[in-house]
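See below for the structure under consideration.
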Amino acid sequence: MSTVALRSGRAPSSAAWRVVRPLIVVLLAVVAIGIPLWLTLTTSAKPQAEAVRPNLSAPHHWQPAGNYRDAMSQGEMLRGFANSLLVVVPSVLLVLILGAAAAWVFARRSSWLVTAAYAVCISGLLLPPSVITVVMELRQLGLAGTRPGMIAVYTGMYLSTSVFFITGFIRAIPLELEEAARMDGAGPLRIFVRIVLPLLRPVLATATIMVMLYAWSDIFYAFFVLGSGERATLPLNLFKVASAQLYLNNWHLVFAYVVIMSLPMVAVFLVAQRRIVAGITGGAVK
Amino acid sequence: MAHATVSTDPGGPAARPARPGRARAARPGRLPRAAVHHPWWFALPAIAVFTAFFLVPNLLNFYYPFTDWSAYHSRISFTGLGNFRSILDDGSLLRSLRTTVLYAVLAALFQNAFGLVLALLLEEDTRFNRFFRAAFFLPVLISALATGYVFQALLNQDGAVNHLLGTDIPWLGSTTWTLLVVTVIHGWKWMGLSMLIYLAGLKGIPGDMLEAARIDGAGPWQTFRSVRWPMLAPAVTFNVTTALVGSMNTFDIVQATTGGGPAASTEVFNIYLFRIFGEGLYAQASAMSLVLFLVVVAAAIPLVVGLRRRELSL
């Protein structure tokens, strides 16, 4: 009886909230997401003269195809795309494979040495990479300005993330699954590949997204390691196009470039949305 | 050479741990023969790569700042504290330090405030909310450099926002307020990630706890203050730590919006590194990088410990 009274007593405020909340959400989305998105999409379709002073009015003359073609040729888009793929994909694979194998040991064994090794391996979550001396080291190894050098740096930087997420995940998998396979005489490598790895799919998906997100958009480390030569990745090319902006006033090309460069990440997100959301939220709050 | 000695290093600890594993085999309930079932060599490649390309550079960073390494001579020799003295004397050290710390605190504040508000607004699992969660996650997917250019186009003095409002405000041209504007952009870029983590935290609050609070007559604000907020402690720990540390390492957004200006008022550590490295003053850049490292360590350790303690005491 009393709960009913309380509920009805609270009803007016929550009824008002039920109307106001969606309004706030829509308003926030329009201001915070709609305006920047509209600016990006329309400017990328405007002729140069209209785009010189970026504004929110719709293009008088639509020419997205021409702009995107120009951005692709002037920004050396295809080469940048290939260059990005050639460093990001191997880095992601290495981060996942090396990270999963190490996480398996860290999650299943317990001694002070394992704990210490785990602590060291996840220290990269907090510590900043030392970008100046990594360049020095790569020069001495003959890897400066090369893709293997870039891959090594990305792998070193993002291993901590994958080790951290995957170790937490493996700890929640019952050991019995492995033991059953062991009874059948399977060795560690077989158990890892056949039993453990397939179970890791959700967390590997998350780690893939996180590492891709960082590596795909990285410019800072790529600038130091790869430079802006013929191995330049997409963000480095964007930087070049936008730096020329001072002289050429080519906002329309900058935004065409931004749209094309962002599409792969948006596509990946749309395809794997549910898994990404579950993975990010599951690993963090433990 | 330094690398030769260090890259063989992982082999050392790797050979040893087999023993503790075996010694422990007799203990009931624990993994018997851990060394056989989960051999150390699985962890070796990760440890080797991490050591060679993350730890070793960070260790080298404790040596090169004390040398005269630069683009201008081929030999590197020890010079002591000269580099630190010169970045201290020309004021760049304290300025970058102040700017970076202020940037990190403000960016973490905005990122978490935006993320938490969005999570509370979009808490219920409806189709409407799922759509808008994805919408607010969009900035996370866009590269930080691109984000910076979008906001430059919006906030330039002859940009879209002044055009829209009919004002003439130098959003990116104030030596006092531009840092604040850039940190709001940083918060905007990463709010979607914080939102997801706060959503997970909210979901983890037991329903009967909220029910009990309601039966006790607690209003929405009181429920938030005495039930939801304390229960969100782990999410707050994670979000605040990663936001603070991540934004100390910021580069792209600042470079794309202000390039460190006006008058170096937004020149954070990494912008300085980028500039001074371009000038060929490697040892000086390395000195600044060491300061960044020490600042992050000094900030991260008490932060993690303190927030964890708060989590436990609640």
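Going through the structure tokens in order, the chains are called A, B, and so on, while each chain numbers its residues from 1 and the ligands are numbered from 1 in the order shown.
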| task | Could you please select, counting only C-alpha atoms, the residues of chain B within 7 Å of chain A and state them as a PyMOL selection string? | result | chain B and resi 17+20+34+37-38+40+42-43+45-47+49-50+53-54+57-58+60-61+121+136+141-144+146+150+153+158-160+163+196-197+200-201+215+234-235+238+245+249+251+285-286+289+293+296-297
Could the residues in this selection be saved with N, CA and C atoms as a CSV table (one decimal), in the first residue's frame?
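The resulting file, selection.csv, is reproduced below:
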chain,number,residue,atom,x,y,z
B,17,PRO,N,61.7,-19.0,-13.6
B,17,PRO,CA,60.5,-19.2,-12.9
B,17,PRO,C,60.0,-20.7,-12.9
B,20,PRO,N,60.0,-22.0,-9.1
B,20,PRO,CA,58.9,-21.8,-8.1
B,20,PRO,C,57.6,-22.5,-8.6
B,34,ALA,N,52.5,-26.2,-13.1
B,34,ALA,CA,52.1,-25.0,-13.9
B,34,ALA,C,53.1,-24.8,-15.1
B,37,HIS,N,52.0,-27.0,-18.0
B,37,HIS,CA,50.7,-26.7,-18.6
B,37,HIS,C,50.7,-25.3,-19.2
B,38,HIS,N,51.4,-24.4,-18.6
B,38,HIS,CA,51.4,-23.0,-19.1
B,38,HIS,C,52.8,-22.5,-19.1
B,40,TRP,N,56.4,-20.9,-19.8
B,40,TRP,CA,56.9,-19.5,-19.8
B,40,TRP,C,57.1,-19.0,-21.2
B,42,PHE,N,55.5,-19.0,-23.7
B,42,PHE,CA,54.3,-18.3,-24.3
B,42,PHE,C,54.4,-16.8,-24.1
B,43,ALA,N,54.9,-16.4,-22.9
B,43,ALA,CA,54.9,-15.0,-22.6
B,43,ALA,C,56.2,-14.3,-23.1
B,45,PRO,N,57.8,-13.9,-26.2
B,45,PRO,CA,57.8,-12.9,-27.3
B,45,PRO,C,57.2,-11.5,-26.9
B,46,ALA,N,56.1,-11.6,-26.1
B,46,ALA,CA,55.5,-10.3,-25.7
B,46,ALA,C,56.5,-9.5,-24.8
B,47,ILE,N,57.1,-10.3,-23.8
B,47,ILE,CA,58.0,-9.6,-22.9
B,47,ILE,C,59.2,-9.0,-23.7
B,49,VAL,N,59.4,-8.1,-27.0
B,49,VAL,CA,59.0,-6.9,-27.8
B,49,VAL,C,58.8,-5.7,-26.9
B,50,PHE,N,58.1,-6.0,-25.8
B,50,PHE,CA,57.8,-4.8,-24.9
B,50,PHE,C,59.0,-4.3,-24.3
B,53,PHE,N,61.2,-2.4,-27.3
B,53,PHE,CA,60.7,-1.2,-27.9
B,53,PHE,C,59.8,-0.3,-27.0
B,54,PHE,N,59.7,-0.7,-25.7
B,54,PHE,CA,59.0,0.2,-24.8
B,54,PHE,C,59.9,0.5,-23.6
B,57,PRO,N,63.7,2.1,-24.6
B,57,PRO,CA,63.7,3.5,-24.9
B,57,PRO,C,63.5,4.3,-23.7
B,58,ASN,N,62.6,3.9,-22.8
B,58,ASN,CA,62.4,4.6,-21.6
B,58,ASN,C,63.6,4.6,-20.7
B,60,LEU,N,66.8,4.4,-21.9
B,60,LEU,CA,67.7,5.2,-22.6
B,60,LEU,C,67.4,6.7,-22.3
B,61,ASN,N,66.1,7.0,-22.1
B,61,ASN,CA,65.7,8.3,-21.8
B,61,ASN,C,66.2,8.9,-20.5
B,121,LEU,N,21.8,10.2,-18.8
B,121,LEU,CA,20.7,10.5,-19.7
B,121,LEU,C,20.3,9.3,-20.5
B,136,PHE,N,26.9,9.7,-30.0
B,136,PHE,CA,27.8,10.4,-29.1
B,136,PHE,C,29.2,9.7,-29.1
B,141,LEU,N,35.7,7.7,-32.8
B,141,LEU,CA,36.1,7.0,-34.0
B,141,LEU,C,36.9,7.9,-35.0
B,142,ILE,N,36.7,9.2,-34.9
B,142,ILE,CA,37.3,10.1,-35.8
B,142,ILE,C,38.7,10.4,-35.2
B,143,SER,N,39.7,10.5,-36.1
B,143,SER,CA,41.1,10.7,-35.6
B,143,SER,C,41.2,12.1,-34.9
B,144,ALA,N,42.0,12.2,-33.9
B,144,ALA,CA,42.1,13.4,-33.1
B,144,ALA,C,42.6,14.6,-34.0
B,146,ALA,N,41.9,15.0,-37.2
B,146,ALA,CA,40.7,15.4,-38.0
B,146,ALA,C,39.8,16.2,-37.1
B,150,VAL,N,38.3,20.0,-37.7
B,150,VAL,CA,36.9,20.4,-37.7
B,150,VAL,C,36.7,21.5,-36.7
B,153,ALA,N,37.9,24.9,-38.1
B,153,ALA,CA,37.0,25.5,-39.0
B,153,ALA,C,35.8,26.1,-38.3
B,158,ASP,N,37.1,33.8,-38.4
B,158,ASP,CA,36.1,33.9,-39.5
B,158,ASP,C,35.5,32.5,-39.7
B,159,GLY,N,35.3,31.7,-38.7
B,159,GLY,CA,34.8,30.4,-38.8
B,159,GLY,C,33.3,30.3,-38.6
B,160,ALA,N,32.8,29.1,-38.6
B,160,ALA,CA,31.4,28.8,-38.6
B,160,ALA,C,30.7,29.3,-37.3
B,163,HIS,N,30.2,33.0,-37.3
B,163,HIS,CA,29.3,33.3,-38.4
B,163,HIS,C,27.8,33.0,-37.9
B,196,LEU,N,30.5,5.1,-22.2
B,196,LEU,CA,30.3,3.6,-22.2
B,196,LEU,C,30.7,3.0,-20.9
B,197,ILE,N,31.9,3.5,-20.3
B,197,ILE,CA,32.4,2.9,-19.1
B,197,ILE,C,31.4,3.3,-17.9
B,200,ALA,N,28.4,1.0,-18.1
B,200,ALA,CA,28.7,-0.3,-17.6
B,200,ALA,C,28.6,-0.2,-16.1
B,201,GLY,N,29.2,0.8,-15.5
B,201,GLY,CA,29.1,1.0,-14.0
B,201,GLY,C,27.7,1.1,-13.5
B,215,ILE,N,12.2,3.1,-1.9
B,215,ILE,CA,11.2,2.9,-0.8
B,215,ILE,C,11.4,3.8,0.4
B,234,PRO,N,34.6,2.3,-9.2
B,234,PRO,CA,35.5,1.7,-10.0
B,234,PRO,C,35.6,2.3,-11.4
B,235,ALA,N,34.4,2.7,-11.9
B,235,ALA,CA,34.4,3.3,-13.2
B,235,ALA,C,35.1,4.7,-13.2
B,238,PHE,N,38.9,4.2,-13.2
B,238,PHE,CA,39.4,3.9,-14.5
B,238,PHE,C,39.3,5.1,-15.4
B,245,VAL,N,46.1,10.5,-17.7
B,245,VAL,CA,47.4,10.1,-18.3
B,245,VAL,C,47.4,10.3,-19.8
B,249,ASN,N,49.6,13.1,-22.5
B,249,ASN,CA,50.3,12.7,-23.7
B,249,ASN,C,49.7,13.3,-25.0
B,251,PHE,N,48.7,15.5,-28.2
B,251,PHE,CA,49.4,16.2,-29.3
B,251,PHE,C,48.5,16.6,-30.4
B,285,ALA,N,65.2,17.6,-26.4
B,285,ALA,CA,63.9,17.0,-26.6
B,285,ALA,C,63.8,15.8,-25.6
B,286,SER,N,64.9,15.0,-25.5
B,286,SER,CA,64.9,13.9,-24.7
B,286,SER,C,64.8,14.3,-23.2
B,289,SER,N,61.3,15.0,-22.6
B,289,SER,CA,60.5,13.7,-22.6
B,289,SER,C,60.7,13.0,-21.2
B,293,PHE,N,57.8,11.9,-18.5
B,293,PHE,CA,57.8,10.6,-17.9
B,293,PHE,C,57.6,10.7,-16.4
B,296,VAL,N,54.2,12.1,-15.3
B,296,VAL,CA,53.1,11.0,-15.4
B,296,VAL,C,53.2,10.1,-14.3
B,297,VAL,N,54.5,9.6,-14.0
B,297,VAL,CA,54.6,8.7,-12.9
B,297,VAL,C,54.2,9.3,-11.6
| Excluding same-chain residues fewer than 4 positions from Leu97 of chain B, what lies within 9 Å of it counting only C-alpha atoms, as a ChimeraX atom specification? | /B:92-93,101-102,268-269,291-292,295
Please produce a file of those selected residues containing C-alpha atoms, as an mmCIF file, in the first residue's frame.
data_model
loop_
_atom_site.group_PDB
_atom_site.id
_atom_site.type_symbol
_atom_site.label_atom_id
_atom_site.label_comp_id
_atom_site.auth_asym_id
_atom_site.auth_seq_id
_atom_site.Cartn_x
_atom_site.Cartn_y
_atom_site.Cartn_z
ATOM 1 C CA SER B 92 60.135 26.374 -21.635
ATOM 2 C CA LEU B 93 60.271 23.680 -18.944
ATOM 3 C CA VAL B 101 49.190 19.700 -16.085
ATOM 4 C CA LEU B 102 46.448 22.293 -16.508
ATOM 5 C CA VAL B 268 52.099 21.115 -24.030
ATOM 6 C CA PHE B 269 55.086 18.775 -23.662
ATOM 7 C CA VAL B 291 60.313 15.327 -17.444
ATOM 8 C CA LEU B 292 57.018 14.187 -19.006
ATOM 9 C CA VAL B 295 55.368 13.887 -14.212
#
| task | Would you list, as an MDAnalysis selection string, the residues of segment 19-151 of chain B that end up in alpha helix (DSSP H) under DSSP run on this structure's backbone? | result | chainID B and resid 19:23 34:37 44:50 56:60 82:89 92:121 127:141 144:151
Same residues, C-alpha atoms, output as a PDB file, in the first residue's frame:
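And here is the file that came out, selection-v5.pdb:
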ATOM      1  CA  ARG B  19      61.410 -23.643 -10.258  1.00  0.00           C
ATOM      2  CA  PRO B  20      58.860 -21.797  -8.143  1.00  0.00           C
ATOM      3  CA  GLY B  21      56.165 -23.347 -10.331  1.00  0.00           C
ATOM      4  CA  ARG B  22      57.398 -26.842  -9.608  1.00  0.00           C
ATOM      5  CA  ALA B  23      57.962 -26.204  -5.923  1.00  0.00           C
ATOM      6  CA  ALA B  34      52.136 -25.031 -13.945  1.00  0.00           C
ATOM      7  CA  ALA B  35      55.377 -24.927 -15.861  1.00  0.00           C
ATOM      8  CA  VAL B  36      54.289 -27.820 -18.040  1.00  0.00           C
ATOM      9  CA  HIS B  37      50.727 -26.699 -18.597  1.00  0.00           C
ATOM     10  CA  LEU B  44      58.457 -14.524 -23.902  1.00  0.00           C
ATOM     11  CA  PRO B  45      57.765 -12.895 -27.290  1.00  0.00           C
ATOM     12  CA  ALA B  46      55.496 -10.291 -25.684  1.00  0.00           C
ATOM     13  CA  ILE B  47      58.017  -9.590 -22.923  1.00  0.00           C
ATOM     14  CA  ALA B  48      60.847  -9.363 -25.480  1.00  0.00           C
ATOM     15  CA  VAL B  49      59.040  -6.915 -27.788  1.00  0.00           C
ATOM     16  CA  PHE B  50      57.750  -4.849 -24.884  1.00  0.00           C
ATOM     17  CA  VAL B  56      64.622   0.128 -23.329  1.00  0.00           C
ATOM     18  CA  PRO B  57      63.723   3.501 -24.918  1.00  0.00           C
ATOM     19  CA  ASN B  58      62.401   4.628 -21.568  1.00  0.00           C
ATOM     20  CA  LEU B  59      65.641   3.537 -19.913  1.00  0.00           C
ATOM     21  CA  LEU B  60      67.730   5.243 -22.609  1.00  0.00           C
ATOM     22  CA  GLY B  82      73.336  21.341 -19.374  1.00  0.00           C
ATOM     23  CA  ASN B  83      70.150  20.452 -21.255  1.00  0.00           C
ATOM     24  CA  PHE B  84      67.993  20.763 -18.165  1.00  0.00           C
ATOM     25  CA  ARG B  85      69.604  24.072 -17.345  1.00  0.00           C
ATOM     26  CA  SER B  86      68.879  25.455 -20.804  1.00  0.00           C
ATOM     27  CA  ILE B  87      65.193  24.382 -20.845  1.00  0.00           C
ATOM     28  CA  LEU B  88      64.864  25.753 -17.329  1.00  0.00           C
ATOM     29  CA  ASP B  89      66.554  29.045 -18.165  1.00  0.00           C
ATOM     30  CA  SER B  92      60.135  26.374 -21.635  1.00  0.00           C
ATOM     31  CA  LEU B  93      60.271  23.680 -18.944  1.00  0.00           C
ATOM     32  CA  LEU B  94      58.051  25.387 -16.402  1.00  0.00           C
ATOM     33  CA  ARG B  95      55.726  26.731 -19.085  1.00  0.00           C
ATOM     34  CA  SER B  96      55.227  23.303 -20.693  1.00  0.00           C
ATOM     35  CA  LEU B  97      54.834  21.719 -17.279  1.00  0.00           C
ATOM     36  CA  ARG B  98      52.179  24.192 -16.203  1.00  0.00           C
ATOM     37  CA  THR B  99      50.353  23.990 -19.531  1.00  0.00           C
ATOM     38  CA  THR B 100      50.405  20.189 -19.647  1.00  0.00           C
ATOM     39  CA  VAL B 101      49.190  19.700 -16.085  1.00  0.00           C
ATOM     40  CA  LEU B 102      46.448  22.293 -16.508  1.00  0.00           C
ATOM     41  CA  TYR B 103      45.469  20.732 -19.838  1.00  0.00           C
ATOM     42  CA  ALA B 104      45.338  17.235 -18.337  1.00  0.00           C
ATOM     43  CA  VAL B 105      43.241  18.255 -15.335  1.00  0.00           C
ATOM     44  CA  LEU B 106      40.749  20.259 -17.405  1.00  0.00           C
ATOM     45  CA  ALA B 107      40.528  17.658 -20.183  1.00  0.00           C
ATOM     46  CA  ALA B 108      39.936  14.858 -17.658  1.00  0.00           C
ATOM     47  CA  LEU B 109      37.303  16.974 -15.942  1.00  0.00           C
ATOM     48  CA  PHE B 110      35.389  17.721 -19.159  1.00  0.00           C
ATOM     49  CA  GLN B 111      35.708  14.213 -20.544  1.00  0.00           C
ATOM     50  CA  ASN B 112      34.330  12.700 -17.342  1.00  0.00           C
ATOM     51  CA  ALA B 113      31.630  15.299 -16.783  1.00  0.00           C
ATOM     52  CA  PHE B 114      30.340  14.961 -20.364  1.00  0.00           C
ATOM     53  CA  GLY B 115      30.603  11.160 -20.220  1.00  0.00           C
ATOM     54  CA  LEU B 116      28.774  10.893 -16.908  1.00  0.00           C
ATOM     55  CA  VAL B 117      25.960  13.225 -17.941  1.00  0.00           C
ATOM     56  CA  LEU B 118      25.486  11.294 -21.187  1.00  0.00           C
ATOM     57  CA  ALA B 119      25.510   7.966 -19.325  1.00  0.00           C
ATOM     58  CA  LEU B 120      22.852   9.187 -16.885  1.00  0.00           C
ATOM     59  CA  LEU B 121      20.720  10.548 -19.734  1.00  0.00           C
ATOM     60  CA  ARG B 127      16.240   1.725 -29.028  1.00  0.00           C
ATOM     61  CA  PHE B 128      16.206   5.547 -28.806  1.00  0.00           C
ATOM     62  CA  ASN B 129      19.058   5.513 -26.301  1.00  0.00           C
ATOM     63  CA  ARG B 130      21.126   2.984 -28.213  1.00  0.00           C
ATOM     64  CA  PHE B 131      20.953   5.167 -31.312  1.00  0.00           C
ATOM     65  CA  PHE B 132      22.110   8.252 -29.436  1.00  0.00           C
ATOM     66  CA  ARG B 133      24.843   6.340 -27.599  1.00  0.00           C
ATOM     67  CA  ALA B 134      26.270   5.458 -31.009  1.00  0.00           C
ATOM     68  CA  ALA B 135      25.917   9.083 -32.109  1.00  0.00           C
ATOM     69  CA  PHE B 136      27.844  10.376 -29.102  1.00  0.00           C
ATOM     70  CA  PHE B 137      30.473   7.682 -29.656  1.00  0.00           C
ATOM     71  CA  LEU B 138      31.173   8.995 -33.164  1.00  0.00           C
ATOM     72  CA  PRO B 139      33.909  11.486 -32.113  1.00  0.00           C
ATOM     73  CA  VAL B 140      35.911   8.613 -30.574  1.00  0.00           C
ATOM     74  CA  LEU B 141      36.101   7.021 -34.033  1.00  0.00           C
ATOM     75  CA  ALA B 144      42.145  13.395 -33.132  1.00  0.00           C
ATOM     76  CA  LEU B 145      43.918  15.309 -35.883  1.00  0.00           C
ATOM     77  CA  ALA B 146      40.715  15.432 -37.960  1.00  0.00           C
ATOM     78  CA  THR B 147      38.784  16.490 -34.845  1.00  0.00           C
ATOM     79  CA  GLY B 148      41.211  19.358 -34.432  1.00  0.00           C
ATOM     80  CA  TYR B 149      40.688  20.555 -38.006  1.00  0.00           C
ATOM     81  CA  VAL B 150      36.899  20.352 -37.682  1.00  0.00           C
ATOM     82  CA  PHE B 151      37.048  22.565 -34.602  1.00  0.00           C
TER      83      PHE B 151
END
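Every protein or nucleic acid residue with an atom no more than 10 Å from Ile173 of chain A, counting only C-alpha atoms and leaving out same-chain residues fewer than 6 positions away, appears here: Ala107, Val196, Leu199 and Leu200 of chain A.
Going from atom CA of Leu202 of chain B to atom CA of Phe165 of chain A covers 20.3 Å.
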